[in-house]
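Peer 1: Structure below; questions to follow.
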Amino acid sequence: MIRYTLDKAKSTRYKHAIRHFDASASAAADIESYGRFIDHEAFTAELKAKTLSRSPPFAPAA
């Protein structure tokens, strides 16, 4: 849900995505094994890398 919200730029869902992100951060300490999924720290790094590499929609073209 967090990835979808950011990937599709669903600005009306941002507050919900933040709430889900915060809940996953809280739950991360209690999770012993993520299995085939990445842990919260890796997920956070992935989101930062993806969102920081984007240009804002109002940025002038280079």
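Ordered as shown in the structure tokens, chains take letters A, B, and onward, while each chain numbers its residues from 1 and ligands are numbered from 1 in the order shown.
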Just the residues within 8 Å of stretch 14-29 of chain A, please, counting only C-alpha atoms, with nothing from its chain fewer than 2 positions along; format it as a list of chain:residue names.
Peer 2: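 After dropping sequence-adjacent residues, the list is A:Met1, A:Ile2, A:Thr5, A:Leu6, A:Lys10, A:Ser11, A:Thr12, A:Ile31, A:Glu32, A:Asp39, A:His40.
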Peer 1: Would you output that residue set with N, CA and C atoms, as a tab-separated table (two decimals), in the first residue's frame?
Peer 2:
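Below you can see again_1.tsv, which holds the result:
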chain	number	residue	atom	x	y	z
A	1	MET	N	0.81	-1.18	0.00
A	1	MET	CA	0.00	0.00	0.00
A	1	MET	C	0.87	1.26	0.00
A	2	ILE	N	1.95	1.25	0.74
A	2	ILE	CA	2.83	2.42	0.79
A	2	ILE	C	3.49	2.63	-0.57
A	5	THR	N	0.94	3.91	-3.13
A	5	THR	CA	0.61	5.32	-2.90
A	5	THR	C	1.69	6.24	-3.46
A	6	LEU	N	2.95	5.89	-3.21
A	6	LEU	CA	4.04	6.73	-3.70
A	6	LEU	C	4.27	6.57	-5.20
A	10	LYS	N	-0.56	9.14	-5.32
A	10	LYS	CA	-1.92	9.28	-4.80
A	10	LYS	C	-1.87	10.19	-3.57
A	11	SER	N	-1.82	11.47	-3.80
A	11	SER	CA	-1.62	12.43	-2.70
A	11	SER	C	-2.73	12.36	-1.67
A	12	THR	N	-3.93	11.98	-2.06
A	12	THR	CA	-5.01	11.87	-1.08
A	12	THR	C	-4.78	10.70	-0.13
A	31	ILE	N	9.24	-8.39	15.01
A	31	ILE	CA	9.32	-9.39	13.94
A	31	ILE	C	10.70	-10.05	13.98
A	32	GLU	N	10.69	-11.35	14.18
A	32	GLU	CA	11.96	-12.09	14.26
A	32	GLU	C	12.50	-12.46	12.88
A	39	ASP	N	13.44	-6.27	5.44
A	39	ASP	CA	13.10	-5.73	6.75
A	39	ASP	C	12.76	-4.24	6.63
A	40	HIS	N	12.31	-3.67	7.74
A	40	HIS	CA	11.84	-2.28	7.72
A	40	HIS	C	12.97	-1.31	7.36
Peer 1: What is the distance between atom CA of A:Gly35 and atom CA of A:Arg3, in Å to one decimal?
Peer 2: 19.2 Å
Peer 1: Run DSSP on the backbone and tell me which residues of chain A come out as helix (DSSP H, G or I); list them as number ranges by chain.
Peer 2: A: 2-7, 11-28, 40-52
Peer 1: Quick check, in Å to one decimal: how far apart do atom CA of A:Lys48 and atom CA of A:Lys8 lie?
Peer 2: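 Going from atom CA of A:Lys48 over to atom CA of A:Lys8 covers 15.8 Å.
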Peer 1: What does the distance between atom CA of A:Thr51 and atom CA of A:Ser33 come to in Å, to one decimal place?
Peer 2: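 Here the two named atoms are 26.7 Å from each other.
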